[in-house]
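Everything below concerns the one structure shown next.
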Amino acid sequence: MTDFDFKTEVIWESIPILMSGLKLTIIITASGLLIGFFLGAFFGLLKLIKFKPLRYIANIYIETIRGTPIMVQVMFIYFGLPMALGMRINPLTSAISAIAINSGAYIAEIVRGSVQSIDKGQTEAGRSIGLTRMQNMLYVVWPQAFRRMIPPLGNQFIISLKDTSLFVVIGVGELTRTGQEIIATNFRAFEVWTTVAIMYLCITFVISKALNFLEYRLGLR
């Protein structure tokens with residue numbers, strides 16, 4: 001059994017470098033989720049219309065993405081699509097695209113469920129005062145549904161943030177990849193991975209508390 005010498009100075013030396021990886025992690029997550037929200041809103045509302053072919057298209061997208069791992073999806077985007085299209089897709093674009101496409105499928109179900117949870121009497125009241133179907137959705141249903149989306153959207157943000165660690169396989173310089181690069185130079189895996197884990201924990205804790213505060217302010221609790 002070997003003696004292990006825990007070196008705190010390794011942690012302090014690693015933090016400034018890891019912060020750059022954390023910054024990229026947040027950029028990938030935020031950018032991907034912003035695009036994913038619009039994708040999710042589109043396909044979620046598509047599932048609610050009466051025209052069956054469009055509902056089938058939405059179902060195919062949602063079930064395909066939810067039924068495959070995000071690592072497979074990003075590998076397909078980074079390695080598969082370039083071979084098919086004859087063009088190169090850089091790692092950062094691939095990472096953001098994977099988060100967007102993956103989160104979009106889950107957000108679509110969040111949107112669908114939230115819209116369907118609004119009492120039909122609200123829609124009928126809107127129609128009774130002369131609102132069109134689009135106006136009803138825009139001014140009556142959507143504002144109420146969006147409030148109910150906030151908690152699950154926050155959870156999706158945390159999930160997607162942690163999923164970015166899988167993009168180490170395509171060489172994106174996010175937090176996990178940065179940790180690997182530091183270990184390759186100082187061989188202090190215990191200290192570096194401990195620091196990486198704490199940084200993930202801190203950011204998810206802050207997001208969780210911010211969501212709790214927002215839910216409280218909006219009267220969702």
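In the structure tokens, chains take letters A, B, ... by order of appearance, with residues numbered from 1 within each chain and ligands from 1 in the order shown.
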
Which residues come within 12 Å of A:Leu201, counting only C-alpha atoms, excluding same-chain residues fewer than 4 positions away, as an MDAnalysis selection string?
-> chainID A and resid 22 158 161:162 194:197 205:208

Could you give me, as JSON lines, every stretch 95-193 of chain A residue with an atom at most 12 Å from stretch 23-29 of chain A, plus its closest atom pair and distance in Å to one decimal, counting only C-alpha atoms, rows ordered by chain then number?
{"residue": "A:Ala95", "atom": "CA", "partner": "A:Ile28", "partner_atom": "CA", "distance": 6.8}
{"residue": "A:Ile96", "atom": "CA", "partner": "A:Ile28", "partner_atom": "CA", "distance": 5.3}
{"residue": "A:Ser97", "atom": "CA", "partner": "A:Ile28", "partner_atom": "CA", "distance": 9.0}
{"residue": "A:Ala98", "atom": "CA", "partner": "A:Ile28", "partner_atom": "CA", "distance": 9.7}
{"residue": "A:Ile99", "atom": "CA", "partner": "A:Thr29", "partner_atom": "CA", "distance": 6.8}
{"residue": "A:Ala100", "atom": "CA", "partner": "A:Thr29", "partner_atom": "CA", "distance": 8.6}
{"residue": "A:Ile101", "atom": "CA", "partner": "A:Thr29", "partner_atom": "CA", "distance": 11.9}
{"residue": "A:Asn102", "atom": "CA", "partner": "A:Thr29", "partner_atom": "CA", "distance": 11.4}
{"residue": "A:Ser103", "atom": "CA", "partner": "A:Thr29", "partner_atom": "CA", "distance": 9.8}
{"residue": "A:Gly154", "atom": "CA", "partner": "A:Thr29", "partner_atom": "CA", "distance": 11.8}
{"residue": "A:Gln156", "atom": "CA", "partner": "A:Thr29", "partner_atom": "CA", "distance": 10.1}
{"residue": "A:Phe157", "atom": "CA", "partner": "A:Thr29", "partner_atom": "CA", "distance": 7.2}
{"residue": "A:Ile158", "atom": "CA", "partner": "A:Thr29", "partner_atom": "CA", "distance": 8.9}
{"residue": "A:Ile159", "atom": "CA", "partner": "A:Thr29", "partner_atom": "CA", "distance": 9.5}
{"residue": "A:Ser160", "atom": "CA", "partner": "A:Thr29", "partner_atom": "CA", "distance": 6.2}
{"residue": "A:Leu161", "atom": "CA", "partner": "A:Thr29", "partner_atom": "CA", "distance": 5.5}
{"residue": "A:Lys162", "atom": "CA", "partner": "A:Thr25", "partner_atom": "CA", "distance": 8.9}
{"residue": "A:Asp163", "atom": "CA", "partner": "A:Thr29", "partner_atom": "CA", "distance": 8.8}
{"residue": "A:Thr164", "atom": "CA", "partner": "A:Thr25", "partner_atom": "CA", "distance": 6.5}
{"residue": "A:Ser165", "atom": "CA", "partner": "A:Thr25", "partner_atom": "CA", "distance": 8.2}
{"residue": "A:Leu166", "atom": "CA", "partner": "A:Thr25", "partner_atom": "CA", "distance": 11.1}
{"residue": "A:Phe167", "atom": "CA", "partner": "A:Thr25", "partner_atom": "CA", "distance": 9.9}
{"residue": "A:Val168", "atom": "CA", "partner": "A:Thr25", "partner_atom": "CA", "distance": 11.1}
{"residue": "A:Val172", "atom": "CA", "partner": "A:Leu24", "partner_atom": "CA", "distance": 8.8}
{"residue": "A:Gly173", "atom": "CA", "partner": "A:Leu24", "partner_atom": "CA", "distance": 7.2}
{"residue": "A:Glu174", "atom": "CA", "partner": "A:Thr25", "partner_atom": "CA", "distance": 5.0}
{"residue": "A:Leu175", "atom": "CA", "partner": "A:Thr25", "partner_atom": "CA", "distance": 6.2}
{"residue": "A:Thr176", "atom": "CA", "partner": "A:Thr25", "partner_atom": "CA", "distance": 9.0}
{"residue": "A:Arg177", "atom": "CA", "partner": "A:Thr25", "partner_atom": "CA", "distance": 10.1}
{"residue": "A:Thr178", "atom": "CA", "partner": "A:Leu24", "partner_atom": "CA", "distance": 10.1}

Can you work out the spacing between atom CA of A:Thr93 and atom CA of A:Glu109 in Å, to one decimal?
-> 24.8 Å

Using only C-alpha atoms, which protein or nucleic acid residues come within 8 Å of stretch 133-144 of chain A? Drop anything in the same chain fewer than 4 positions from it, and give the result as a short mmCIF file (atom, residue, chain, number, x, y, z; two decimals) with all heavy atoms, in the first residue's frame.
data_model
loop_
_atom_site.label_atom_id
_atom_site.label_comp_id
_atom_site.auth_asym_id
_atom_site.auth_seq_id
_atom_site.Cartn_x
_atom_site.Cartn_y
_atom_site.Cartn_z
N VAL A 115 -48.90 23.00 -21.97
CA VAL A 115 -50.03 23.58 -22.71
C VAL A 115 -51.30 22.78 -22.45
O VAL A 115 -52.38 23.35 -22.22
CB VAL A 115 -49.72 23.62 -24.23
CG1 VAL A 115 -50.97 23.98 -25.03
CG2 VAL A 115 -48.61 24.63 -24.51
N ILE A 118 -53.36 23.47 -19.15
CA ILE A 118 -54.18 24.66 -18.99
C ILE A 118 -55.65 24.29 -19.20
O ILE A 118 -55.99 23.64 -20.19
CB ILE A 118 -53.76 25.76 -19.99
CG1 ILE A 118 -52.27 26.11 -19.81
CG2 ILE A 118 -54.62 27.01 -19.80
CD1 ILE A 118 -51.89 26.56 -18.43
N GLN A 122 -60.22 28.20 -20.21
CA GLN A 122 -59.47 29.40 -20.55
C GLN A 122 -59.55 29.66 -22.05
O GLN A 122 -59.74 30.80 -22.49
CB GLN A 122 -58.00 29.22 -20.15
CG GLN A 122 -57.76 28.97 -18.68
CD GLN A 122 -57.79 30.26 -17.88
OE1 GLN A 122 -57.59 31.33 -18.42
NE2 GLN A 122 -58.07 30.14 -16.59
N THR A 123 -59.42 28.59 -22.84
CA THR A 123 -59.50 28.72 -24.29
C THR A 123 -60.90 29.14 -24.72
O THR A 123 -61.08 30.00 -25.59
CB THR A 123 -59.12 27.39 -24.96
OG1 THR A 123 -57.83 26.99 -24.52
CG2 THR A 123 -59.11 27.53 -26.48
N GLY A 126 -61.48 32.74 -24.11
CA GLY A 126 -60.82 33.57 -25.11
C GLY A 126 -61.61 33.62 -26.40
O GLY A 126 -61.77 34.69 -27.02
N ARG A 127 -62.14 32.49 -26.81
CA ARG A 127 -62.93 32.46 -28.04
C ARG A 127 -64.23 33.25 -27.88
O ARG A 127 -64.73 33.85 -28.83
CB ARG A 127 -63.24 31.01 -28.41
CG ARG A 127 -62.03 30.23 -28.92
CD ARG A 127 -62.38 28.80 -29.24
NE ARG A 127 -61.21 28.05 -29.69
CZ ARG A 127 -61.22 26.75 -29.93
NH1 ARG A 127 -62.34 26.04 -29.75
NH2 ARG A 127 -60.13 26.15 -30.34
N ARG A 148 -45.55 27.25 -15.96
CA ARG A 148 -45.47 25.85 -15.51
C ARG A 148 -44.26 25.13 -16.11
O ARG A 148 -43.86 24.08 -15.62
CB ARG A 148 -46.76 25.13 -15.87
CG ARG A 148 -47.98 25.74 -15.21
CD ARG A 148 -49.25 24.97 -15.50
NE ARG A 148 -50.39 25.63 -14.88
CZ ARG A 148 -51.64 25.16 -14.88
NH1 ARG A 148 -51.88 23.99 -15.46
NH2 ARG A 148 -52.61 25.83 -14.30
#

Each stretch 165-190 of chain A residue no farther than 9 Å from stretch 5-11 of chain A, nearest pair in Å, only C-alpha atoms, as CSV:
residue,atom,partner,partner_atom,distance
A:Asn186,CA,A:Val10,CA,8.5
A:Arg188,CA,A:Val10,CA,7.5
A:Phe190,CA,A:Phe6,CA,8.2

Keeping only C-alpha atoms, take the residues you just selected and write them out as a compact mmCIF listing (two decimals), in the first residue's frame.
# COMPACT_ATOMS: atom_id res chain seq x y z
CA ASN A 186 0.94 17.03 -13.49
CA ARG A 188 -2.41 14.54 -9.98
CA PHE A 190 -7.20 12.85 -7.38

Can you list, as a list in words, every protein, DNA or RNA residue that comes within 9 Å of stretch 75-81 of chain A when you count only C-alpha atoms, leaving out same-chain residues fewer than 3 positions away?
->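 Final neighbour list, sorted by chain and number: Ile70, Met71, Val72, Ala84, Leu85, Gly86, Met87, Arg88, Ile89, Asn90, Pro91, Thr93, Ser94, Ala95, Ser97, Ala98, Phe167, Val169 and Ile170 of chain A.
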